[in-house]
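Comments concern the structure below.
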2 protein chains.
Amino acid sequence: MSENEIRPIKWSGENLELLDQTRLPREEVTVTVGTYQQAVVAIRDMQVRGAPAIGVTAAYAVAMAARDIEVNGRQEFMAQLEAAACEIAAARPTAVNLQWAVRRMVDLASADGDVDGIPGRLLDEAKRIHLEDEQINRRMGDYGKDLIPDGGSVLTHCNAGALATAGFGTAIGVIRAGWEDGKRFQVFNTETRPFLQGARLTAWEFQKLGIPSKLIVDSAAGLLMRQGKINCIITGADRIAANGDTANKIGTYSLAVLAKENRIPFYIAAPISTIDLSLPDGDQIQIEERPEEEVTHLQGVAIAPEGVQAINPAFDVTPNGYVSAIITEAGVARPPFLESLNLAVVGSTHI
Amino acid sequence: MSENEIRPIKWSGENLELLDQTRLPREEVTVTVGTYQQAVVAIRDMQVRGAPAIGVTAAYAVAMAARDIEVNGRQEFMAQLEAAACEIAAARPTAVNLQWAVRRMVDLASADGDVDGIPGRLLDEAKRIHLEDEQINRRMGDYGKDLIPDGGSVLTHCNAGALATAGFGTAIGVIRAGWEDGKRFQVFNTETRPFLQGARLTAWEFQKLGIPSKLIVDSAAGLLMRQGKINCIITGADRIAANGDTANKIGTYSLAVLAKENRIPFYIAAPISTIDLSLPDGDQIQIEERPEEEVTHLQGVAIAPEGVQAINPAFDVTPNGYVSAIITEAGVARPPFLESLNLAVVGSTHI
């Protein structure tokens with residue numbers, strides 16, 4: 001693994017060390033998270049963001065909660081752990097990986113008769129989730145890299161890179177696997193208003209990786225597609241319903257509609273933990289509404305007149321009909337997604 | 001006319017007084033333009049922007065050029081005037097109103113045998129173009145207001161308001177005419193990256209007008225459309241080809257595609273001076289590429305890592321198939337636009 005590898009989440013033995021993503025690329029600052037409550041704040045304030053990275057952080061948060069519970073007795077311990085788990089799972093509503101990781105941790109504790117050993121085993125499980133996530137991303141890269149057109153161009157939205165995961169990345173992981181495979185291509189990446197994950201984080205990652213990328217405003221993607229300058233689009237996902245409807249960063253739906261109109265393949269790259277088979281379709285996915293100030297202000301400076309109202313939905317849902325394929329660690333799922341995603345989740349083997 | 005009326009362009013008798021649109025809404029500062037060269041800079045740097053407002057400014061610029069020519073003799077005078085006119089017309093490439101106004105002024109001078117009287121008559125003509133523009137906007141409002149759904153919602157992009165014209169506005173003029181007609185509705189307006197005309201200028205205009213508006217990032221428009229929250233879309237235009245293909249602010253094409261996908265009517269409001277019958281379709285419209293720094297920096301502060309490359313196309317072209325109607329001062333043109341626009345331009349009477 002290269003020294004240049006981006007590691008947004010590190011476990012120090014006692015604390016979680018998070019690369020503060022609100023301050024990149026201006027400063028590379030680490031924030032120390034020593035309690036589950038601090039982890040909730042870091043997730044809510046987007047110091048750590050990206051569905052898989054939130055999942056890993058949540059797993060460590062549950063482990064820290066277990067470590068810090070001071071009661072004796074299994075019932076009381078589990079009651080307190082469940083309460084902390086609820087708080088962690090509610091830090092952000094849209095990405096299902098958060099709930100998935102919390103559920104996996106709590107289920108492990110529930111099945112464990114030896115209450116004194118639970119904190120240690122939960123920490124081991126969090127480390128396992130952390131390690132697995134990067135391995136999963138690399139497998140997604142292997143499966144997805146064949147979809148990258150050699151000599152062409154790829155558009156990505158938001159940040160689905162190393163920073164959004166335990167490392168390597170989902171959508172950017174696939175792009176990177178294609179590059180490491182010897183393919184050469186041009187990347188375009190949207191700035192991704194209002195939080196500017198594209199301008200601040202994705203552009204920074206591609207710079208570190210040495211992959212040529214050009215930054216565009218979100219609304220310029222349509223023009224490039226119509227001009228024939230985009231050969232495929234790859235984004236990450238925050239929650240995928242059983243039928244393939246996909247919640248992802250606001251603007252993803254627009255890109256997918258424009259891709260279909262211009263006959264450009266539109267791919268999602270996401271681990272199986274992002275697939276929520278409990279939802280038949282995307283209509284029930286809760287869309288997080290974030291503060292107006294993220295739209296009206298930028299780095300603390302007002303960019304709109306005082307008193308202007310804004311709405312700030314953080315995600316949208318792309319209906320399955322606009323999605324060409326979903327790249328998972330079990331293989332590339334193609335329509336009809338109801339079948340292929342079920343195979344991926346249940347089998348977790350090559351589909 | 002209310003005291004609150006926004007006047008982006010005033011002629012003081014000697015100079016042009018422009019409301020500096022790069023500094024709104026933080027400061028309401030007037031920039032004094034005393035020569036045609038200063039007018040070229042003001043247009044290029046977007047202190048004055050919006051196709052009709054650029055046209056009016058260009059007309060005064062030609063008048064100032066004529067006033068300041070110090071030679072005698074008709075031939076030499078016209079040669080110098082033509083040279084200045086070329087410079088003015090080249091200040092920005094996409095909006096045709098600029099070229100239209102310059103051509104109208106030069107044609108008037110060309111037809112005038114009395115060289116000494118030309119500067120005075122050109123100034124009168126610039127004042128006429130200035131006055132006409134607001135009257136034209138009000139006529140567009142009268143024709144277009146019936147398209148605004150009472151009790152519904154309207155989305156607009158960029159700024160096609162009083163600030164983009166001599167006053168009143170094109171797209172915002174239509175919205176305003178609907179409001180003044182007693183209709184009640186919700187406006188959504190995009191922030192319009194990178195220059196933030198929506199966040200800075202349109203939000204400011206709606207505040208002054210007392211029309212309820214909500215600001216969204218550009219990429220949130222698709223979600224709102226899919227949620228059924230948008231009943232129609234109205235934008236301005238910078239150049240309209242004979243077949244109705246329309247160049248307008250970057251992102252317009254995306255909105256139009258999303259509107260069609262969601263069965264939402266998509267309207268353009270633009271004066272006849274924006275229609276360029278010399279172009280059969282939009283393929284030959286030159287798309288202005290503006291500096292990368294408008295994307296990588298905001299109000300002088302870097303929002304992307306140093307050294308990141310960006311591309312910054314300022315406009316896109318929306319093919320006629322996505323346009324439901326074009327609102328002009330001669331009436332509402334509907335498909336097939338080749339016929340209806342020709343009628344509007346040639347007849348300049350109700351279509």
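If you're wondering about the labels, chains in the structure tokens are A, B, ... by order shown, residues count from 1 in each chain, ligands from 1 in order shown.
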### Message
For the structure I just gave you, how does DSSP split stretch 24-266 of chain B - specifically, which residues are strand (DSSP E or B)? Reply as a ChimeraX atom specification.
### Response
/B:30-33,153-156,161,169,186-190,213-216,232-235,239-241,246-249,266
### Message
Based on only C-alpha atoms, which of the residues in chain A come within 6 Å of chain B? I want them as a ChimeraX atom specification.
### Response
/A:25,199-200,214-216,219-220,222-223,250-251,254,304-305,309-311,316
Export of the given selection (N, CA, C and O atoms) as an mmCIF file, in the first residue's frame:
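Final output, out05.cif:
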```cif
data_model
loop_
_atom_site.group_PDB
_atom_site.id
_atom_site.type_symbol
_atom_site.label_atom_id
_atom_site.label_comp_id
_atom_site.auth_asym_id
_atom_site.auth_seq_id
_atom_site.Cartn_x
_atom_site.Cartn_y
_atom_site.Cartn_z
ATOM 1 N N PRO A 25 -9.787 20.895 1.515
ATOM 2 C CA PRO A 25 -8.373 20.589 1.368
ATOM 3 C C PRO A 25 -7.461 21.633 1.997
ATOM 4 O O PRO A 25 -6.253 21.499 1.903
ATOM 5 N N ALA A 199 -15.463 19.449 -5.185
ATOM 6 C CA ALA A 199 -14.389 20.436 -5.333
ATOM 7 C C ALA A 199 -13.321 20.246 -4.262
ATOM 8 O O ALA A 199 -12.122 20.351 -4.533
ATOM 9 N N ARG A 200 -13.764 19.956 -3.031
ATOM 10 C CA ARG A 200 -12.816 19.908 -1.924
ATOM 11 C C ARG A 200 -12.159 18.536 -1.781
ATOM 12 O O ARG A 200 -10.955 18.439 -1.542
ATOM 13 N N LYS A 214 -10.972 17.012 -14.146
ATOM 14 C CA LYS A 214 -11.366 18.401 -14.322
ATOM 15 C C LYS A 214 -12.634 18.653 -13.537
ATOM 16 O O LYS A 214 -13.567 17.857 -13.573
ATOM 17 N N LEU A 215 -12.624 19.773 -12.852
ATOM 18 C CA LEU A 215 -13.734 20.154 -11.992
ATOM 19 C C LEU A 215 -14.749 20.957 -12.813
ATOM 20 O O LEU A 215 -14.382 21.805 -13.608
ATOM 21 N N ILE A 216 -16.033 20.647 -12.590
ATOM 22 C CA ILE A 216 -17.095 21.429 -13.224
ATOM 23 C C ILE A 216 -18.162 21.773 -12.184
ATOM 24 O O ILE A 216 -18.291 21.077 -11.175
ATOM 25 N N SER A 219 -24.150 21.940 -12.676
ATOM 26 C CA SER A 219 -25.086 22.106 -13.779
ATOM 27 C C SER A 219 -24.408 22.089 -15.145
ATOM 28 O O SER A 219 -25.077 22.204 -16.164
ATOM 29 N N ALA A 220 -23.073 21.934 -15.190
ATOM 30 C CA ALA A 220 -22.380 21.847 -16.479
ATOM 31 C C ALA A 220 -22.328 20.412 -17.001
ATOM 32 O O ALA A 220 -21.954 20.178 -18.153
ATOM 33 N N GLY A 222 -24.668 18.349 -17.843
ATOM 34 C CA GLY A 222 -25.580 18.114 -18.964
ATOM 35 C C GLY A 222 -24.959 18.533 -20.291
ATOM 36 O O GLY A 222 -25.011 17.788 -21.278
ATOM 37 N N LEU A 223 -24.353 19.715 -20.316
ATOM 38 C CA LEU A 223 -23.702 20.196 -21.548
ATOM 39 C C LEU A 223 -22.629 19.217 -22.009
ATOM 40 O O LEU A 223 -22.566 18.848 -23.181
ATOM 41 N N ILE A 250 -27.614 14.694 -3.415
ATOM 42 C CA ILE A 250 -28.484 15.545 -4.232
ATOM 43 C C ILE A 250 -27.802 15.840 -5.585
ATOM 44 O O ILE A 250 -26.617 16.158 -5.630
ATOM 45 N N GLY A 251 -28.565 15.699 -6.644
ATOM 46 C CA GLY A 251 -28.014 15.913 -7.983
ATOM 47 C C GLY A 251 -27.795 14.634 -8.746
ATOM 48 O O GLY A 251 -27.662 14.658 -9.979
ATOM 49 N N SER A 254 -30.591 13.925 -11.259
ATOM 50 C CA SER A 254 -30.482 14.754 -12.461
ATOM 51 C C SER A 254 -29.443 14.189 -13.424
ATOM 52 O O SER A 254 -29.678 14.122 -14.633
ATOM 53 N N ALA A 304 -25.986 34.941 -0.132
ATOM 54 C CA ALA A 304 -27.348 35.332 -0.515
ATOM 55 C C ALA A 304 -27.761 36.470 0.412
ATOM 56 O O ALA A 304 -27.169 36.654 1.476
ATOM 57 N N PRO A 305 -28.780 37.248 0.017
ATOM 58 C CA PRO A 305 -29.205 38.354 0.885
ATOM 59 C C PRO A 305 -29.684 37.817 2.233
ATOM 60 O O PRO A 305 -30.207 36.701 2.315
ATOM 61 N N GLN A 309 -34.882 32.603 2.310
ATOM 62 C CA GLN A 309 -35.160 31.222 2.707
ATOM 63 C C GLN A 309 -34.553 30.268 1.694
ATOM 64 O O GLN A 309 -34.547 30.534 0.493
ATOM 65 N N ALA A 310 -34.067 29.143 2.206
ATOM 66 C CA ALA A 310 -33.508 28.124 1.310
ATOM 67 C C ALA A 310 -34.030 26.760 1.734
ATOM 68 O O ALA A 310 -34.470 26.587 2.881
ATOM 69 N N ILE A 311 -34.041 25.814 0.828
ATOM 70 C CA ILE A 311 -34.270 24.431 1.227
ATOM 71 C C ILE A 311 -33.056 23.629 0.792
ATOM 72 O O ILE A 311 -32.438 23.907 -0.230
ATOM 73 N N ASP A 316 -31.150 12.671 -3.135
ATOM 74 C CA ASP A 316 -32.334 12.400 -3.942
ATOM 75 C C ASP A 316 -32.362 10.917 -4.271
ATOM 76 O O ASP A 316 -31.401 10.192 -3.979
#
```
### Task
Report the residues of stretch 110-184 of chain A whose backbone DSSP state falls under alpha helix (DSSP H), written as a ChimeraX atom specification.
/A:110,118-144,171-180
Just want the 9 Å neighbourhood of B:Thr170, counted on only C-alpha atoms, with same-chain residues fewer than 6 positions away dropped. Output as a short mmCIF file (atom, residue, chain, number, x, y, z; two decimals) with N, CA, C and O atoms, in the first residue's frame.
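Saved the output as out.cif:
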```
data_model
loop_
_atom_site.label_atom_id
_atom_site.label_comp_id
_atom_site.auth_asym_id
_atom_site.auth_seq_id
_atom_site.Cartn_x
_atom_site.Cartn_y
_atom_site.Cartn_z
N PRO B 52 -30.41 41.33 -22.27
CA PRO B 52 -30.97 42.64 -22.62
C PRO B 52 -30.19 43.80 -22.01
O PRO B 52 -29.97 44.83 -22.68
N ILE B 136 -40.89 46.53 -23.59
CA ILE B 136 -40.93 45.17 -24.16
C ILE B 136 -41.13 44.15 -23.05
O ILE B 136 -41.93 43.21 -23.17
N ASN B 137 -40.39 44.33 -21.95
CA ASN B 137 -40.52 43.40 -20.83
C ASN B 137 -41.94 43.39 -20.27
O ASN B 137 -42.47 42.34 -19.94
N ARG B 138 -42.52 44.57 -20.19
CA ARG B 138 -43.89 44.64 -19.66
C ARG B 138 -44.88 43.96 -20.62
O ARG B 138 -45.82 43.30 -20.18
N MET B 140 -44.09 41.43 -22.58
CA MET B 140 -43.85 39.99 -22.36
C MET B 140 -44.59 39.51 -21.13
O MET B 140 -45.16 38.42 -21.12
N GLY B 141 -44.54 40.36 -20.08
CA GLY B 141 -45.25 40.00 -18.85
C GLY B 141 -46.74 39.82 -19.10
O GLY B 141 -47.36 38.87 -18.63
N ALA B 160 -33.03 36.58 -14.67
CA ALA B 160 -33.62 37.19 -15.85
C ALA B 160 -34.65 38.20 -15.36
O ALA B 160 -35.81 38.18 -15.73
N GLY B 161 -34.17 39.06 -14.46
CA GLY B 161 -35.04 40.03 -13.81
C GLY B 161 -34.72 41.44 -14.23
O GLY B 161 -34.12 41.69 -15.28
N ALA B 162 -35.13 42.39 -13.38
CA ALA B 162 -34.86 43.80 -13.65
C ALA B 162 -33.36 44.02 -13.85
O ALA B 162 -32.94 44.81 -14.70
N ALA B 164 -31.19 42.14 -15.15
CA ALA B 164 -30.67 41.60 -16.42
C ALA B 164 -31.17 42.40 -17.61
O ALA B 164 -30.85 42.07 -18.75
N THR B 235 -37.23 30.60 -17.82
CA THR B 235 -35.89 31.19 -17.81
C THR B 235 -35.81 32.25 -18.90
O THR B 235 -36.70 32.34 -19.75
N GLY B 236 -34.76 33.01 -18.87
CA GLY B 236 -34.47 33.93 -19.96
C GLY B 236 -33.70 33.22 -21.06
O GLY B 236 -33.68 31.98 -21.11
N ALA B 237 -33.10 34.00 -21.96
CA ALA B 237 -32.29 33.42 -23.04
C ALA B 237 -31.22 34.41 -23.45
O ALA B 237 -31.39 35.62 -23.27
N ILE B 268 -39.40 29.84 -22.11
CA ILE B 268 -38.35 30.84 -22.27
C ILE B 268 -39.04 32.19 -22.41
O ILE B 268 -40.05 32.30 -23.12
N ALA B 269 -38.53 33.21 -21.74
CA ALA B 269 -39.04 34.58 -21.94
C ALA B 269 -37.89 35.42 -22.46
O ALA B 269 -36.86 35.55 -21.78
N ALA B 270 -38.04 35.97 -23.65
CA ALA B 270 -36.94 36.74 -24.25
C ALA B 270 -37.48 37.69 -25.29
O ALA B 270 -38.42 37.36 -26.02
N PRO B 271 -36.88 38.88 -25.38
CA PRO B 271 -37.32 39.82 -26.41
C PRO B 271 -36.91 39.34 -27.81
O PRO B 271 -36.02 38.49 -27.95
N ILE B 327 -41.87 33.13 -24.83
CA ILE B 327 -42.68 34.33 -24.59
C ILE B 327 -41.92 35.54 -25.11
O ILE B 327 -40.81 35.83 -24.65
N THR B 328 -42.48 36.25 -26.09
CA THR B 328 -41.85 37.46 -26.64
C THR B 328 -42.82 38.63 -26.49
O THR B 328 -43.97 38.44 -26.11
#
```
#### Entry: Residues within 12 Å of A:Arg104, only C-alpha atoms, excluding chain neighbours under 2 positions, as a PyMOL selection string
chain A and resi 55-56+58-60+62-63+85+89+97-102+106-111+122+125-126+128-129+273
### Query
So how far away is atom CA of B:Gln21 from atom CA of B:Met46, in Å?
7.0 Å
### Message
Excluding B:Ala53 and its own-chain neighbours fewer than 2 positions away, which residues fall within 8 Å of it when counting only C-alpha atoms? Please give them as a list in words.
### Response
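Everything that qualifies: Pro8, Ile9, Val48, Arg49, Gly50, Ala51, Gly55, Val56, Thr57, Leu163, Ala164, Thr165 and Ala166 of chain B.
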Would you mind exporting N, CA and C atoms of the selected residues as a CSV table (one decimal), in the first residue's frame?
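Now in result_17.csv:
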```csv
chain,number,residue,atom,x,y,z
B,8,PRO,N,-30.8,49.0,-13.1
B,8,PRO,CA,-29.4,48.6,-13.2
B,8,PRO,C,-28.6,49.5,-14.0
B,9,ILE,N,-29.2,50.3,-14.9
B,9,ILE,CA,-28.5,51.1,-15.9
B,9,ILE,C,-29.2,52.5,-15.9
B,48,VAL,N,-22.2,44.5,-15.4
B,48,VAL,CA,-23.5,44.4,-16.0
B,48,VAL,C,-23.6,43.1,-16.7
B,49,ARG,N,-24.8,42.4,-16.5
B,49,ARG,CA,-24.9,41.1,-17.2
B,49,ARG,C,-26.4,40.9,-17.4
B,50,GLY,N,-26.7,39.8,-18.2
B,50,GLY,CA,-28.1,39.6,-18.7
B,50,GLY,C,-28.1,40.1,-20.1
B,51,ALA,N,-28.6,39.3,-21.0
B,51,ALA,CA,-28.6,39.6,-22.4
B,51,ALA,C,-29.2,41.0,-22.7
B,55,GLY,N,-27.2,44.5,-24.0
B,55,GLY,CA,-27.6,45.2,-25.2
B,55,GLY,C,-27.8,46.7,-25.0
B,56,VAL,N,-28.4,47.1,-23.9
B,56,VAL,CA,-28.6,48.5,-23.6
B,56,VAL,C,-27.3,49.2,-23.4
B,57,THR,N,-26.5,48.5,-22.6
B,57,THR,CA,-25.1,49.0,-22.3
B,57,THR,C,-24.3,49.2,-23.5
B,163,LEU,N,-32.6,43.3,-13.1
B,163,LEU,CA,-31.1,43.5,-13.1
B,163,LEU,C,-30.5,43.0,-14.5
B,164,ALA,N,-31.2,42.1,-15.2
B,164,ALA,CA,-30.7,41.6,-16.4
B,164,ALA,C,-31.2,42.4,-17.6
B,165,THR,N,-31.9,43.4,-17.3
B,165,THR,CA,-32.6,44.2,-18.4
B,165,THR,C,-32.5,45.7,-18.1
B,166,ALA,N,-33.3,46.5,-18.8
B,166,ALA,CA,-33.4,47.9,-18.4
B,166,ALA,C,-34.3,48.1,-17.2
```
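One finds atom CA of A:Ile172 at 29.1 Å from atom CA of A:Gly13.
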### Task
Quick one: everything within 10 Å of A:Asn262, counting only C-alpha atoms, minus sequence neighbours fewer than 2 positions away in the same chain. Send it as a list in words.
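Listed by chain and then number, they are Gly222, Met225, Arg226, Gln227, Gly228, Ile230, Asn231, Ala256, Val257, Leu258, Ala259, Lys260, Ile264 and Pro265 of chain A.
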Atoms to include: C-alpha atoms. Write the selected residues as a JSON list (two decimals), in the first residue's frame.
```json
[["chain", "number", "residue", "atom", "x", "y", "z"],
["A", 222, "GLY", "CA", -25.58, 18.11, -18.96],
["A", 225, "MET", "CA", -22.97, 14.83, -21.91],
["A", 226, "ARG", "CA", -24.71, 16.42, -24.87],
["A", 227, "GLN", "CA", -21.34, 17.32, -26.40],
["A", 228, "GLY", "CA", -20.35, 13.64, -26.25],
["A", 230, "ILE", "CA", -18.74, 11.83, -21.11],
["A", 231, "ASN", "CA", -18.59, 8.08, -21.79],
["A", 256, "ALA", "CA", -28.99, 9.86, -14.24],
["A", 257, "VAL", "CA", -31.86, 11.41, -16.23],
["A", 258, "LEU", "CA", -29.38, 13.35, -18.39],
["A", 259, "ALA", "CA", -27.32, 10.17, -18.89],
["A", 260, "LYS", "CA", -30.34, 8.24, -20.13],
["A", 264, "ILE", "CA", -24.62, 7.22, -21.50],
["A", 265, "PRO", "CA", -24.33, 4.31, -19.04]]
```
Skip B:Ala66 itself and residues of its chain fewer than 3 positions away, then list as a short mmCIF file (atom, residue, chain, number, x, y, z; two decimals) with N, CA, C and O atoms, in the first residue's frame all residues within 12 Å of it, counting only C-alpha atoms.
```cif
data_model
loop_
_atom_site.label_atom_id
_atom_site.label_comp_id
_atom_site.auth_asym_id
_atom_site.auth_seq_id
_atom_site.Cartn_x
_atom_site.Cartn_y
_atom_site.Cartn_z
N THR B 35 -16.47 55.86 -20.91
CA THR B 35 -15.99 55.64 -22.27
C THR B 35 -16.47 54.27 -22.75
O THR B 35 -16.84 53.42 -21.94
N TYR B 36 -16.38 54.07 -24.08
CA TYR B 36 -16.83 52.77 -24.58
C TYR B 36 -15.88 51.67 -24.09
O TYR B 36 -16.32 50.55 -23.85
N ALA B 59 -25.43 49.75 -26.52
CA ALA B 59 -25.95 50.88 -27.30
C ALA B 59 -25.36 52.20 -26.79
O ALA B 59 -24.87 53.02 -27.58
N TYR B 60 -25.35 52.38 -25.48
CA TYR B 60 -24.73 53.59 -24.91
C TYR B 60 -23.22 53.61 -25.21
O TYR B 60 -22.65 54.68 -25.42
N ALA B 61 -22.61 52.43 -25.21
CA ALA B 61 -21.17 52.38 -25.49
C ALA B 61 -20.89 52.89 -26.90
O ALA B 61 -19.93 53.66 -27.11
N VAL B 62 -21.72 52.49 -27.87
CA VAL B 62 -21.54 52.98 -29.24
C VAL B 62 -21.75 54.51 -29.27
O VAL B 62 -20.99 55.24 -29.92
N ALA B 63 -22.75 54.98 -28.55
CA ALA B 63 -23.00 56.44 -28.51
C ALA B 63 -21.81 57.19 -27.90
O ALA B 63 -21.42 58.26 -28.40
N ILE B 69 -15.12 60.42 -30.78
CA ILE B 69 -14.29 60.39 -32.00
C ILE B 69 -13.96 61.83 -32.39
O ILE B 69 -14.85 62.68 -32.47
N GLU B 70 -12.65 62.06 -32.61
CA GLU B 70 -12.24 63.47 -32.80
C GLU B 70 -11.87 63.81 -34.23
O GLU B 70 -11.33 64.87 -34.49
N VAL B 71 -12.10 62.90 -35.15
CA VAL B 71 -11.73 63.21 -36.54
C VAL B 71 -12.85 63.93 -37.25
O VAL B 71 -14.00 63.92 -36.83
N ASN B 72 -12.48 64.53 -38.36
CA ASN B 72 -13.48 65.08 -39.25
C ASN B 72 -13.58 64.16 -40.46
O ASN B 72 -12.69 63.37 -40.72
N ARG B 74 -16.54 61.99 -42.96
CA ARG B 74 -17.47 60.91 -42.71
C ARG B 74 -16.80 59.53 -42.73
O ARG B 74 -17.05 58.68 -41.87
N GLU B 76 -13.64 58.56 -42.27
CA GLU B 76 -12.77 58.28 -41.11
C GLU B 76 -13.61 58.08 -39.85
O GLU B 76 -13.34 57.19 -39.03
N PHE B 77 -14.63 58.90 -39.72
CA PHE B 77 -15.52 58.76 -38.55
C PHE B 77 -16.14 57.37 -38.51
O PHE B 77 -16.11 56.68 -37.49
N MET B 78 -16.67 56.96 -39.66
CA MET B 78 -17.34 55.65 -39.69
C MET B 78 -16.35 54.51 -39.46
O MET B 78 -16.67 53.51 -38.82
N ALA B 79 -15.14 54.66 -39.97
CA ALA B 79 -14.11 53.62 -39.76
C ALA B 79 -13.82 53.46 -38.27
O ALA B 79 -13.75 52.34 -37.74
N GLN B 80 -13.69 54.60 -37.59
CA GLN B 80 -13.41 54.53 -36.15
C GLN B 80 -14.62 54.00 -35.37
O GLN B 80 -14.47 53.25 -34.41
N LEU B 81 -15.80 54.39 -35.82
CA LEU B 81 -17.00 53.92 -35.14
C LEU B 81 -17.14 52.41 -35.31
O LEU B 81 -17.45 51.68 -34.35
N GLU B 82 -16.89 51.94 -36.53
CA GLU B 82 -16.98 50.49 -36.81
C GLU B 82 -15.96 49.72 -35.95
O GLU B 82 -16.26 48.65 -35.43
N ALA B 83 -14.76 50.28 -35.80
CA ALA B 83 -13.72 49.61 -35.00
C ALA B 83 -14.16 49.49 -33.54
O ALA B 83 -14.04 48.44 -32.91
N ALA B 84 -14.71 50.59 -33.01
CA ALA B 84 -15.20 50.56 -31.63
C ALA B 84 -16.35 49.57 -31.50
O ALA B 84 -16.43 48.81 -30.53
N ALA B 85 -17.23 49.58 -32.52
CA ALA B 85 -18.39 48.70 -32.49
C ALA B 85 -17.96 47.23 -32.44
O ALA B 85 -18.54 46.42 -31.71
N MET B 105 -27.24 50.39 -33.87
CA MET B 105 -26.62 51.71 -33.72
C MET B 105 -25.77 52.05 -34.94
O MET B 105 -25.85 53.17 -35.47
N VAL B 106 -24.96 51.11 -35.38
CA VAL B 106 -24.05 51.38 -36.51
C VAL B 106 -24.85 51.59 -37.79
O VAL B 106 -24.53 52.47 -38.61
N LEU B 108 -27.76 52.85 -38.04
CA LEU B 108 -28.34 54.18 -37.99
C LEU B 108 -27.30 55.23 -38.40
O LEU B 108 -27.59 56.14 -39.20
N ALA B 109 -26.08 55.05 -37.89
CA ALA B 109 -25.02 56.00 -38.24
C ALA B 109 -24.70 55.92 -39.73
O ALA B 109 -24.52 56.95 -40.40
N VAL B 115 -22.70 63.97 -40.62
CA VAL B 115 -21.79 63.35 -39.65
C VAL B 115 -21.77 64.08 -38.31
O VAL B 115 -21.66 63.45 -37.26
N ASP B 116 -21.87 65.38 -38.34
CA ASP B 116 -21.82 66.13 -37.08
C ASP B 116 -23.00 65.80 -36.16
O ASP B 116 -22.90 65.90 -34.94
N GLY B 117 -24.11 65.43 -36.78
CA GLY B 117 -25.28 65.14 -35.97
C GLY B 117 -25.35 63.72 -35.47
O GLY B 117 -26.21 63.38 -34.65
N ILE B 118 -24.45 62.86 -35.96
CA ILE B 118 -24.53 61.43 -35.61
C ILE B 118 -24.44 61.19 -34.11
O ILE B 118 -25.28 60.47 -33.55
N PRO B 119 -23.43 61.76 -33.40
CA PRO B 119 -23.34 61.46 -31.96
C PRO B 119 -24.64 61.75 -31.21
O PRO B 119 -25.09 60.91 -30.42
N GLY B 120 -25.25 62.86 -31.49
CA GLY B 120 -26.50 63.20 -30.80
C GLY B 120 -27.61 62.22 -31.12
O GLY B 120 -28.35 61.77 -30.23
N ARG B 121 -27.69 61.86 -32.40
CA ARG B 121 -28.77 60.94 -32.78
C ARG B 121 -28.51 59.52 -32.26
O ARG B 121 -29.44 58.79 -31.94
N LEU B 122 -27.22 59.16 -32.16
CA LEU B 122 -26.92 57.83 -31.58
C LEU B 122 -27.28 57.79 -30.10
O LEU B 122 -27.77 56.78 -29.60
N LEU B 123 -27.04 58.90 -29.41
CA LEU B 123 -27.41 58.93 -27.99
C LEU B 123 -28.93 58.82 -27.84
O LEU B 123 -29.42 58.07 -26.99
N ALA B 126 -29.78 55.20 -28.32
CA ALA B 126 -29.46 54.38 -27.14
C ALA B 126 -30.54 54.56 -26.08
O ALA B 126 -30.99 53.59 -25.47
#
```
### Query
Looking at only C-alpha atoms, which of A:Arg67, A:Ala247, A:Gly169, A:Arg103 is the one that sits closest to A:Gln135?
A:Gly169
### Task
Take atom CA of B:Asp150 and atom CA of B:Tyr267 and report the distance between them in Å, one decimal.
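Between these atoms lies a distance of 16.2 Å.
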